[in-house]
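Trainee: Pasting a structure here, questions to come.
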Amino acid sequence: MSVTVPKGADTPGAESDGHQGGAPRVGLLLIGILLVAANLRAPLTGVGSVLPMIEHDTGLSSTAAGLLNALPLLAFAATSPLVGRSAQRHGTERVLWIALLVLTVGIVLRSLPGLVTLFAGTVVMAAAIAYGNVLLPSLVKSTVPERRIAAVTGLYVTVMGLIAAVSSGVSVPLADHLPGGWHTALGCWAVLALLGVLAWAPQLARRRPVTSTAPGERQAHTLWRYPLAWQVSAFMGLQSLGFYTTIAWLPSIVHDHGASEGAAGWQLFLLQVTGLVSSSTVPILARQLTDQRLLAVSGSLMCATGYMGLLLAPEMATAWSALIGLGGGACLVLALTFQGQRAADASQAAALSGMAQSVGYLLAAVGPLLFGSAHDLAGGWTVPLGLLIALTLVQGLFGLGAGRAVRLPQSTTAQMAPERI
């Protein structure tokens, strides 16, 4: 896939350094973006597959296991507001590189024996992932032509989803066959993070000039007054709630209905692979449709139908996993696309992304913990799945607002009405 880069000082290959070779630089940047994306979910999605093993070995209750799965989302919410300021002070390229280093350390720490290292490593790892979550949409906004934002977003979401699916599918086999069991299965993803560190290193030489943090801080603050920014944030949060809750608990649901641990893990693989179909298709539609309300509502309804199927006919889990995957893949790429397309410029995209991921992941963190607690209290999956269905329908309502063909105003202090595309 070729990416045409607009002219300007903020684009790769266009810096005033007197060198040629813009196309190779674009290629290196794209490879770096894809490797960053590959690390944003894989270290997390494998946990759901081996969660029954973790509970068995450590004695964790469903509530405590839910907290383990909620910790990354809480870390995302706490860290996301800090990302924009760090990037403005030190440069996006350098901050992303440091985040990949920290991610490598966090993955290794999480794989060490003991509950303290399991929980602490999860927090460190998730804080590093939060930087990639926030900065990638802004980086795409600043380096890719407007007409290709959805396509490039779809490409990195596809890579992110593919590697995450592999993580879910292979975690149980790795735990069964490698020394160290589930500890090694979770720790092996440090290799991928280290590859990201190496691939992103060339970008350090092309760091853009550091600007004052004050305008970005004012812009981030004033975004909170806009209903459109809240709609984008709520849609981001609810689709994340559904995804991370499903990643955490789908294997347990399927396992409780008679499937082996390995088969339950492959159900999670199926869900994420089918999500790649929609995450690859939706960017094409989103690029042609400036109004994406129908796409947002359709994806939400597909997820709600899949959860309803798990509740009423769990023996058909394969079909429901595929349906949830299709709807979830569409909603994820839409949530990320909204952060770029609803913003007026790259700086505003970073501010909107920080808000969406801070508010969104704080909301999403409720999911795994609430789901596990509801299972403990109700003694089954009926109440948790009912809650998930209701929240997914609410997600569709927020999609009606976030998917409108409007942008936030160029200056968030100059006017209060969004600008129509």
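Following the order of the structure tokens, chains are lettered A, B, ..., residues in each are numbered from 1, and ligands are numbered from 1.
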Taking only C-alpha atoms into account, produce a table as CSV in which each residue of stretch 302-352 of chain A with an atom at most 10 Å from an atom of stretch 78-97 of chain A appears once, together with its shortest atom pair and the distance in Å to one decimal, ordered by chain and rising number.
Mentor:
residue,atom,partner,partner_atom,distance
A:Ser347,CA,A:Gly84,CA,9.0
A:Ala350,CA,A:Gly84,CA,6.5
A:Ala351,CA,A:Gly84,CA,6.8
Trainee: I'd like the contact shell of stretch 117-119 of chain A - 12 Å cut-off, only C-alpha atoms, skipping same-chain residues fewer than 4 positions apart - returned as a short mmCIF file (atom, residue, chain, number, x, y, z; two decimals) with N, CA, C and O atoms, in the first residue's frame.
Mentor:
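The file below, out_37.cif, is the result:
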data_model
loop_
_atom_site.label_atom_id
_atom_site.label_comp_id
_atom_site.auth_asym_id
_atom_site.auth_seq_id
_atom_site.Cartn_x
_atom_site.Cartn_y
_atom_site.Cartn_z
N VAL A 47 -4.15 -12.61 27.64
CA VAL A 47 -4.50 -12.86 29.03
C VAL A 47 -5.84 -13.59 29.15
O VAL A 47 -6.00 -14.51 29.96
N ILE A 54 -4.57 -18.84 35.08
CA ILE A 54 -4.12 -17.89 36.09
C ILE A 54 -4.97 -18.01 37.35
O ILE A 54 -4.45 -18.02 38.48
N THR A 58 -3.29 -19.16 40.86
CA THR A 58 -3.14 -18.10 41.86
C THR A 58 -4.30 -18.04 42.85
O THR A 58 -4.19 -17.36 43.88
N LEU A 60 -7.19 -16.58 42.20
CA LEU A 60 -7.94 -15.35 42.01
C LEU A 60 -9.43 -15.64 41.84
O LEU A 60 -9.82 -16.57 41.14
N ALA A 64 -11.43 -10.51 41.25
CA ALA A 64 -10.02 -10.15 41.19
C ALA A 64 -9.48 -10.28 39.77
O ALA A 64 -8.68 -9.46 39.31
N ALA A 65 -9.94 -11.33 39.06
CA ALA A 65 -9.53 -11.50 37.66
C ALA A 65 -10.08 -10.36 36.81
O ALA A 65 -9.42 -9.87 35.88
N GLY A 66 -11.30 -9.91 37.14
CA GLY A 66 -11.86 -8.76 36.45
C GLY A 66 -11.03 -7.51 36.70
O GLY A 66 -10.83 -6.70 35.79
N LEU A 67 -10.52 -7.35 37.93
CA LEU A 67 -9.65 -6.21 38.23
C LEU A 67 -8.36 -6.28 37.42
O LEU A 67 -7.88 -5.27 36.91
N LEU A 68 -7.80 -7.49 37.29
CA LEU A 68 -6.60 -7.66 36.49
C LEU A 68 -6.83 -7.19 35.05
O LEU A 68 -5.97 -6.53 34.45
N ASN A 69 -7.99 -7.50 34.51
CA ASN A 69 -8.30 -7.10 33.14
C ASN A 69 -8.72 -5.63 33.05
O ASN A 69 -8.63 -5.02 31.97
N ALA A 70 -9.18 -5.05 34.16
CA ALA A 70 -9.55 -3.64 34.16
C ALA A 70 -8.34 -2.73 34.35
O ALA A 70 -8.37 -1.57 33.94
N LEU A 71 -7.28 -3.23 34.95
CA LEU A 71 -6.10 -2.41 35.24
C LEU A 71 -5.52 -1.73 33.99
O LEU A 71 -5.18 -0.54 34.04
N PRO A 72 -5.38 -2.44 32.85
CA PRO A 72 -4.86 -1.75 31.67
C PRO A 72 -5.73 -0.56 31.27
O PRO A 72 -5.20 0.50 30.87
N ALA A 75 -5.17 2.27 33.60
CA ALA A 75 -3.88 2.89 33.28
C ALA A 75 -3.98 3.74 32.02
O ALA A 75 -3.39 4.83 31.94
N VAL A 105 9.89 -3.61 29.09
CA VAL A 105 10.15 -3.85 30.52
C VAL A 105 8.89 -4.33 31.23
O VAL A 105 8.94 -5.28 32.03
N GLY A 106 7.75 -3.71 30.93
CA GLY A 106 6.50 -4.09 31.57
C GLY A 106 6.09 -5.52 31.27
O GLY A 106 5.62 -6.25 32.15
N ILE A 107 6.26 -5.94 30.02
CA ILE A 107 5.91 -7.31 29.65
C ILE A 107 6.77 -8.32 30.40
O ILE A 107 6.27 -9.34 30.90
N VAL A 108 8.07 -8.05 30.48
CA VAL A 108 8.97 -8.94 31.21
C VAL A 108 8.60 -8.98 32.69
O VAL A 108 8.54 -10.06 33.30
N LEU A 109 8.33 -7.82 33.29
CA LEU A 109 7.96 -7.77 34.70
C LEU A 109 6.69 -8.56 34.96
O LEU A 109 6.61 -9.31 35.95
N ARG A 110 5.69 -8.45 34.08
CA ARG A 110 4.43 -9.17 34.27
C ARG A 110 4.62 -10.68 34.22
O ARG A 110 3.85 -11.43 34.85
N SER A 111 5.62 -11.15 33.49
CA SER A 111 5.80 -12.59 33.31
C SER A 111 6.55 -13.25 34.47
O SER A 111 6.64 -14.48 34.53
N LEU A 112 7.09 -12.44 35.40
CA LEU A 112 7.82 -13.00 36.52
C LEU A 112 6.86 -13.61 37.54
O LEU A 112 5.69 -13.22 37.63
N PRO A 113 7.31 -14.58 38.34
CA PRO A 113 6.43 -15.21 39.33
C PRO A 113 5.94 -14.22 40.38
O PRO A 113 6.65 -13.28 40.74
N VAL A 123 0.31 -2.84 34.87
CA VAL A 123 0.15 -1.38 34.91
C VAL A 123 1.24 -0.69 34.09
O VAL A 123 0.96 0.22 33.29
N VAL A 124 2.50 -1.10 34.26
CA VAL A 124 3.61 -0.49 33.52
C VAL A 124 3.41 -0.69 32.01
O VAL A 124 3.55 0.25 31.21
N MET A 125 3.08 -1.91 31.63
CA MET A 125 2.87 -2.24 30.22
C MET A 125 1.73 -1.41 29.62
O MET A 125 1.83 -0.85 28.53
N ALA A 126 0.63 -1.30 30.36
CA ALA A 126 -0.54 -0.57 29.86
C ALA A 126 -0.27 0.92 29.74
O ALA A 126 -0.74 1.57 28.80
N TRP A 182 1.97 -20.32 31.66
CA TRP A 182 1.36 -19.06 31.22
C TRP A 182 2.27 -17.86 31.43
O TRP A 182 2.13 -16.85 30.74
N HIS A 183 3.22 -17.96 32.37
CA HIS A 183 4.19 -16.87 32.55
C HIS A 183 4.98 -16.64 31.26
O HIS A 183 5.14 -15.51 30.80
N LEU A 186 2.85 -15.25 28.30
CA LEU A 186 2.65 -13.80 28.35
C LEU A 186 3.94 -13.03 28.13
O LEU A 186 3.93 -11.93 27.56
N GLY A 187 5.06 -13.57 28.57
CA GLY A 187 6.33 -12.86 28.47
C GLY A 187 6.95 -12.84 27.09
O GLY A 187 7.75 -11.95 26.77
#
Trainee: Show me, as a ChimeraX atom specification, the residues that have an atom within 9 Å of A:Asn133 when counting only C-alpha atoms, minus same-chain residues fewer than 5 positions from it.
Mentor: /A:37,40,76,80,353-354,357
Trainee: Neighbours of A:Leu250 within 7 Å (only C-alpha atoms; same-chain residues fewer than 4 positions away dropped), as a PyMOL selection string?
Mentor: chain A and resi 246+254+268
Trainee: Residues as selected, N, CA and C atoms, written as a CSV table (one decimal), in the first residue's frame, can you do that?
Mentor:
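So out_33.csv came out as:
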chain,number,residue,atom,x,y,z
A,246,THR,N,-15.1,-8.7,26.4
A,246,THR,CA,-15.2,-9.9,25.6
A,246,THR,C,-13.9,-10.6,25.6
A,254,VAL,N,-17.3,-19.7,27.1
A,254,VAL,CA,-17.3,-20.9,26.3
A,254,VAL,C,-16.8,-22.1,27.0
A,268,LEU,N,-11.7,-17.0,20.7
A,268,LEU,CA,-11.2,-15.6,20.8
A,268,LEU,C,-10.4,-15.2,19.5
Trainee: Please indicate the distance in Å from atom CA of A:Gly403 to atom CA of A:Gln292, rounded to one decimal place.
Mentor: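 Taking atom CA of A:Gly403 and atom CA of A:Gln292, their separation equals 4.5 Å.
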Trainee: Near A:Pro202, within 10 Å and counting only C-alpha atoms, which residues show up once chain neighbours fewer than 4 positions away are dropped, as a list in words?
Mentor: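 Result of the neighbour search: Arg25, Leu28, Leu29, Gly32, Glu93, Trp97, Val197, Leu198, Arg206 and Arg207 of chain A.
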Trainee: Just write the chosen residues, C-alpha atoms, as a PDB file, in the first residue's frame.
Mentor:
ATOM      1  CA  ARG A  25      11.436   7.531   4.639  1.00  0.00           C
ATOM      2  CA  LEU A  28      10.255   3.345   7.203  1.00  0.00           C
ATOM      3  CA  LEU A  29       7.617   5.472   8.885  1.00  0.00           C
ATOM      4  CA  GLY A  32       7.307   1.798  12.279  1.00  0.00           C
ATOM      5  CA  GLU A  93       9.018  10.194  17.697  1.00  0.00           C
ATOM      6  CA  TRP A  97      10.387   5.104  21.200  1.00  0.00           C
ATOM      7  CA  VAL A 197      12.051  -0.355  19.497  1.00  0.00           C
ATOM      8  CA  LEU A 198      14.496  -1.211  16.709  1.00  0.00           C
ATOM      9  CA  ARG A 206      13.731  13.154  12.245  1.00  0.00           C
ATOM     10  CA  ARG A 207      12.235  14.632  15.366  1.00  0.00           C
TER      11      ARG A 207
END
Trainee: For A:Ile149, which residue out of A:Ala405, A:Val383, A:Ile284, A:Leu51 is the nearest one, using only C-alpha atoms?
Mentor: A:Ile284
